[in-house]
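J.: Please find protein_33.txt (compact mmCIF, C-alpha atoms) on the next line:
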```
# COMPACT_ATOMS: atom_id res chain seq x y z
CA PRO A 67 85.53 -52.51 62.75
CA ALA A 68 88.68 -53.12 64.73
CA VAL A 69 90.01 -55.38 67.43
CA THR A 70 89.55 -54.57 71.11
CA PHE A 71 91.63 -56.19 73.82
CA THR A 72 90.98 -57.09 77.40
CA PRO A 73 93.98 -57.09 79.80
CA PRO A 74 96.66 -59.68 79.07
CA PHE A 75 96.08 -61.76 82.18
CA ASN A 76 92.67 -63.02 83.19
CA ASN A 77 91.77 -64.49 86.56
CA GLU A 78 89.36 -67.23 85.58
CA PRO A 79 90.09 -70.38 87.62
CA SER A 80 89.50 -72.50 84.51
CA SER A 81 92.36 -70.85 82.64
CA SER A 82 95.47 -73.01 82.64
CA LYS A 83 97.50 -70.22 81.05
CA PRO A 84 97.02 -66.45 80.89
CA ARG A 85 95.29 -65.25 77.73
CA LEU A 86 94.40 -62.06 75.96
CA PHE A 87 90.93 -61.80 74.47
CA ALA A 88 90.53 -60.11 71.09
CA PHE A 89 86.98 -59.03 70.24
CA ASP A 90 85.54 -57.90 66.94
CA ALA A 91 84.61 -54.26 67.53
CA SER A 92 81.43 -52.52 66.44
CA SER A 93 79.77 -49.14 66.77
CA ASP A 94 76.66 -50.96 68.01
CA PRO A 95 76.18 -51.40 71.78
CA PRO A 96 77.14 -54.89 73.06
CA CYS A 97 73.48 -55.61 73.85
CA LYS A 98 72.65 -55.32 70.13
CA THR A 99 75.58 -57.08 68.51
CA ARG A 100 77.19 -60.34 69.59
CA ARG A 101 80.97 -60.07 69.35
CA ARG A 102 83.22 -62.87 68.19
CA VAL A 103 86.15 -63.40 70.54
CA HIS A 104 89.59 -64.95 70.02
CA ALA A 105 91.48 -66.21 73.06
CA ILE A 106 95.20 -65.63 72.41
CA PRO A 107 97.56 -67.46 74.80
CA ILE A 108 100.31 -65.35 76.34
CA ASN A 109 103.85 -66.41 75.40
CA SER A 110 102.77 -69.23 73.13
CA SER A 111 105.45 -70.64 70.83
CA GLN A 112 103.03 -70.49 67.87
CA PRO A 113 100.63 -67.81 66.58
CA THR A 114 96.87 -68.07 67.10
CA GLU A 115 94.63 -67.92 64.03
CA ILE A 116 92.16 -65.02 64.02
CA GLU A 117 89.48 -63.90 61.57
CA SER A 118 86.85 -61.20 61.39
CA GLU A 119 84.62 -59.84 58.65
CA ILE A 120 87.44 -57.75 57.25
CA PHE A 121 90.69 -59.37 58.38
CA GLU A 122 92.15 -62.87 58.58
CA GLY A 123 95.52 -63.96 59.87
CA ARG A 124 97.26 -64.77 63.13
CA ALA A 125 98.30 -63.08 66.37
CA MET A 126 100.81 -63.46 69.18
CA VAL A 127 101.22 -61.84 72.59
CA LEU A 128 104.68 -61.78 74.17
CA HIS A 129 105.10 -60.80 77.83
CA ALA A 130 108.32 -60.36 79.81
CA GLY A 131 108.90 -61.87 83.22
CA ASP A 132 108.03 -65.49 82.47
CA LEU A 133 111.21 -67.56 82.75
CA ALA A 134 109.50 -70.50 81.06
CA SER A 135 108.54 -68.41 78.03
CA PRO A 136 110.26 -69.18 74.71
CA HIS A 137 110.42 -65.39 74.21
CA GLU A 138 112.05 -64.37 77.49
CA GLN A 139 115.48 -63.88 75.94
CA TYR A 140 113.92 -61.53 73.40
CA PHE A 141 113.15 -59.06 76.21
CA ALA A 142 116.65 -59.26 77.76
CA ASN A 143 117.88 -55.90 76.45
CA LYS A 144 114.54 -54.16 76.00
CA THR A 145 112.55 -51.79 78.20
CA ARG A 146 109.21 -52.99 76.84
CA ARG A 147 107.19 -55.31 79.08
CA TRP A 148 104.96 -56.81 76.42
CA GLU A 149 104.44 -56.90 72.67
CA ILE A 150 101.34 -57.65 70.61
CA ARG A 151 101.71 -58.83 67.02
CA PHE A 152 99.21 -59.30 64.20
CA GLN A 153 99.79 -60.61 60.73
CA GLY A 154 97.41 -61.22 57.86
CA ARG A 155 95.50 -59.61 55.06
CA PHE A 156 92.38 -57.55 54.71
CA LYS A 157 89.60 -59.57 53.10
CA VAL A 158 87.81 -56.36 52.15
CA LEU A 159 88.80 -52.75 52.57
CA PRO A 160 87.29 -51.32 55.78
CA LYS A 161 84.86 -48.43 55.43
CA GLY A 162 86.10 -45.38 57.29
CA LYS A 163 89.04 -45.25 59.67
CA ILE A 164 90.21 -48.41 61.40
CA PHE A 165 91.12 -48.34 65.10
CA VAL A 166 92.83 -50.68 67.49
CA GLY A 167 92.46 -50.39 71.24
CA ALA A 168 92.19 -51.88 74.68
CA VAL A 169 89.38 -52.24 77.21
CA PRO A 170 90.56 -52.83 80.81
CA GLU A 171 88.74 -54.85 83.39
CA ASP A 172 86.04 -52.63 84.85
CA ASP A 173 85.42 -53.98 88.34
CA PHE A 174 88.50 -52.37 89.89
CA MET A 175 87.03 -48.84 89.51
CA GLY A 176 83.64 -49.25 91.16
CA GLU A 177 80.87 -46.68 90.77
CA GLN A 178 83.26 -43.73 90.64
CA PRO A 179 87.02 -43.72 90.04
CA SER A 180 89.12 -42.56 92.95
CA ARG A 181 91.04 -39.28 92.87
CA SER A 182 94.33 -41.16 92.50
CA LEU A 183 92.92 -43.16 89.57
CA ARG A 184 91.72 -39.98 87.84
CA ILE A 185 95.20 -38.48 88.23
CA THR A 186 96.77 -41.66 86.89
CA ALA A 187 94.35 -41.61 83.97
CA ARG A 188 95.30 -38.04 83.06
CA VAL A 189 98.98 -38.95 83.13
CA ALA A 190 98.32 -42.05 81.02
CA GLU A 191 96.39 -39.97 78.50
CA ALA A 192 99.22 -37.44 78.26
CA VAL A 193 101.76 -40.23 77.68
CA LEU A 194 99.52 -41.89 75.11
CA ARG A 195 98.91 -38.67 73.18
CA SER A 196 102.61 -37.81 73.20
CA LEU A 197 103.24 -41.12 71.45
CA VAL A 198 100.13 -41.18 69.25
CA PRO A 199 98.44 -37.81 68.56
CA ASP A 200 95.17 -39.37 67.33
CA ALA A 201 94.75 -41.55 70.42
CA TYR A 202 91.57 -41.42 72.51
CA PHE A 203 91.37 -42.42 76.16
CA THR A 204 88.47 -42.42 78.61
CA LEU A 205 87.54 -43.91 81.98
CA GLY A 206 84.07 -44.44 80.54
CA ASP A 207 80.64 -43.74 81.98
CA ARG A 208 80.37 -44.23 85.73
CA GLY A 209 77.54 -44.40 88.22
CA ALA A 210 73.95 -44.61 86.91
CA SER A 211 74.97 -43.74 83.35
CA SER A 212 77.19 -46.84 83.19
CA ARG A 213 74.10 -49.04 83.30
CA SER A 214 72.53 -47.63 80.14
CA ALA A 215 72.45 -49.78 77.02
CA ASP A 216 74.95 -47.59 75.15
CA ALA A 217 77.24 -46.73 78.08
CA GLU A 218 80.80 -45.91 77.11
CA LEU A 219 83.28 -48.46 78.44
CA PRO A 220 86.70 -47.41 79.74
CA HIS A 221 89.07 -47.78 76.81
CA ALA A 222 91.96 -46.41 74.81
CA VAL A 223 92.07 -46.48 71.02
CA ALA A 224 94.14 -45.11 68.16
CA GLY A 225 94.39 -45.44 64.42
CA LEU A 226 97.09 -47.45 62.71
CA ARG A 227 99.54 -44.76 63.80
CA GLY A 228 99.22 -46.33 67.25
CA PHE A 229 101.24 -49.35 66.17
CA ASP A 230 105.00 -49.29 66.67
CA GLN A 231 105.77 -51.38 63.60
CA ILE A 232 103.98 -51.92 60.30
CA ILE A 233 105.53 -54.32 57.81
CA VAL A 234 103.99 -54.56 54.34
CA THR A 235 104.86 -57.75 52.44
CA PRO A 236 104.01 -57.65 48.71
CA VAL A 237 102.15 -60.49 47.03
CA GLY A 238 104.50 -63.29 45.98
CA THR A 239 106.89 -62.57 48.87
CA THR A 240 107.01 -64.60 52.08
CA PRO A 241 106.18 -62.50 55.16
CA PRO A 242 108.25 -62.85 58.35
CA ARG A 243 107.25 -65.42 60.93
CA LEU A 244 105.47 -63.85 63.90
CA GLU A 245 107.51 -65.87 66.39
CA GLU A 246 110.86 -64.49 65.20
CA ASN A 247 112.60 -61.20 65.99
CA LEU A 248 111.01 -58.70 63.63
CA ALA A 249 113.34 -55.74 64.25
CA SER A 250 115.30 -56.20 61.02
CA TYR A 251 112.19 -55.98 58.84
CA GLY A 252 111.85 -52.23 59.26
CA GLY A 253 108.69 -50.18 59.36
CA LEU A 254 109.57 -49.08 62.91
CA ARG A 255 108.09 -45.85 64.23
CA ALA A 256 111.08 -45.23 66.53
CA GLN A 257 113.50 -45.35 63.59
CA MET A 258 111.56 -43.07 61.23
CA HIS A 259 111.06 -39.33 61.11
CA GLN A 260 107.55 -38.43 62.20
CA ALA A 261 106.47 -37.31 58.75
CA ASP A 262 107.75 -40.54 57.20
CA TRP A 263 105.97 -42.63 59.84
CA LEU A 264 102.68 -40.81 59.34
CA GLU A 265 102.95 -41.36 55.59
CA HIS A 266 103.73 -45.04 56.18
CA ALA A 267 100.93 -45.60 58.70
CA ASP A 268 98.35 -43.57 56.74
CA ALA A 269 99.03 -45.29 53.41
CA PRO A 270 95.86 -46.64 51.78
CA LEU A 271 95.10 -50.19 52.88
CA ARG A 272 95.23 -52.97 50.29
CA THR A 273 93.82 -56.48 50.05
CA ASP A 274 96.68 -57.93 47.97
CA VAL A 275 99.48 -57.59 50.55
CA THR A 276 100.27 -59.12 53.94
CA TYR A 277 100.45 -56.76 56.90
CA THR A 278 102.41 -57.37 60.08
CA PHE A 279 101.53 -55.04 62.95
CA GLY A 280 103.43 -54.71 66.23
CA MET A 281 102.52 -52.74 69.35
CA TRP A 282 104.54 -52.17 72.51
CA GLY A 283 105.09 -48.41 72.87
CA VAL A 284 103.03 -47.94 76.05
CA SER A 285 104.08 -51.23 77.62
CA ARG A 286 106.53 -49.53 80.00
CA HIS A 287 103.62 -47.65 81.56
CA VAL A 288 100.66 -50.04 81.21
```
Write the structure described by the file as structure tokens, please.

T.:
Amino acid sequence: PAVTFTPPFNNEPSSSKPRLFAFDASSDPPCKTRRRVHAIPINSSQPTEIESEIFEGRAMVLHAGDLASPHEQYFANKTRRWEIRFQGRFKVLPKGKIFVGAVPEDDFMGEQPSRSLRITARVAEAVLRSLVPDAYFTLGDRGASSRSADAELPHAVAGLRGFDQIIVTPVGTTPPRLEENLASYGGLRAQMHQADWLEHADAPLRTDVTYTFGMWGVSRHV
């Protein structure tokens, strides 16, 4: 199980503010398993509570370019365009490898992706793999195969190495607040040697600590 994201801004007329949707992921096709969804407001001043079968905690999505956002000053000297943050604990240890990823809106591609989109996708995959070697990216099944019950959706996923920051707070210690600047808490991929980061990201998961995950590495391109 993991969390899968739709794009940060949705176009539903009923939405008063842009949101990101976080779905519980499953290896079962969507037609066989109903997925719980959490609507996370963009640039909220407070985290949104989330919970799945294996994880409970809170999440925030920060996005640059909104002058009314309480986080706009945070992006003043940064090249990143957005940042996604999770914090919480594992209720049980997940079986197998855990992934986090994104599923884009599908209607912009039509039956077959255009040549320019395929080229863009190859560039995006190269960028993604240069940042995260275990990343997987696909445009998904197109045409008639896209209508099968187990059709592969367009998506990009990676293991915990795909995060840009992982903070581990021991039991009995207060974790950082998600709404504050987390740079001083360490666990930053950009500030660690690759071997050290892989050891940090691949460390066995525990149920007695609080994890804080941050992702923004591909935000300059996506």

J.: Between atom CA of Val103 of chain A and atom CA of Arg286 of chain A, measure the distance and give it in Å to one decimal.

T.: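 Taking atom CA of Val103 of chain A and atom CA of Arg286 of chain A, their separation equals 26.4 Å.
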
J.: List as a count of residues only the residues having at least one atom at most 6 Å from position (84.1, -45.1, 76.2) as given in the file, counting all atoms listed in the file.

T.: 6

J.: Is it possible to get the residues within 12 Å of (89.3, -47.0, 57.5) (coordinates as in the file, counting all atoms listed in the file) written as a PyMOL selection string?

T.: chain A and resi 67-68+120+156+158-166+224-226+267-272

J.: Got a sec: who's within 6 Å of segment 143-155 of chain A, counting only C-alpha atoms, leaving out chain neighbours fewer than 6 positions off, as a PyMOL selection string?

T.: chain A and resi 121-130+276-282+285-286

J.: If I take atom CA of Tyr140 of chain A and atom CA of Asn247 of chain A, how far is one from the other in Å, to one decimal?

T.: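 One can read the atom CA of Tyr140 of chain A to atom CA of Asn247 of chain A distance as 7.5 Å.
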
J.: Could you give me, as a PyMOL selection string, the residues within 12 Å of Leu197 of chain A, counting only C-alpha atoms and dropping anything in the same chain fewer than 5 positions from it?

T.: chain A and resi 190-192+202+224+227-230+255-256+260+281-285

J.: Between atom CA of His104 of chain A and atom CA of Glu117 of chain A, what distance in Å does the model show, to one decimal?

T.: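 Here the two named atoms are 8.5 Å from each other.
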
J.: Determine the nearest neighbour of Met258 of chain A from the options A:Ala134, A:Val189, A:Gln231, A:Pro236, counting only C-alpha atoms.

T.: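 Between A:Ala134, A:Val189, A:Gln231, A:Pro236, the residue approaching Met258 of chain A most closely is A:Gln231.
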
J.: Find the residue from A:Leu248, A:Ile116, A:Leu133, A:Ala222 that sits nearest to Ala168 of chain A; use all atoms listed in the file when measuring.

T.: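 That would be A:Ala222, the residue with the smallest distance to Ala168 of chain A.
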
J.: Can you tell me, as a list in words, what residues are no more than 7 Å from Ile106 of chain A when counting all atoms listed in the file, ignoring any on the same chain fewer than 6 positions away?

T.: Arg85, Leu86, Phe87, Thr114 and Met126 of chain A

J.: Residues as selected, C-alpha atoms, written as a PDB file, in the frame of the given file, can you do that?

T.:
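Wrote again09.pdb, looks like this:
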```pdb
ATOM      1  CA  ARG A  85      95.290 -65.250  77.730  1.00  0.00           C
ATOM      2  CA  LEU A  86      94.400 -62.060  75.960  1.00  0.00           C
ATOM      3  CA  PHE A  87      90.930 -61.800  74.470  1.00  0.00           C
ATOM      4  CA  THR A 114      96.870 -68.070  67.100  1.00  0.00           C
ATOM      5  CA  MET A 126     100.810 -63.460  69.180  1.00  0.00           C
TER       6      MET A 126
END
```

J.: Using all atoms listed in the file, which of the listed residues (A:Val237, A:Ile232, A:Leu205, A:Val275) sits closest to Leu254 of chain A?

T.: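 For Leu254 of chain A, the nearest of the candidates is A:Ile232.
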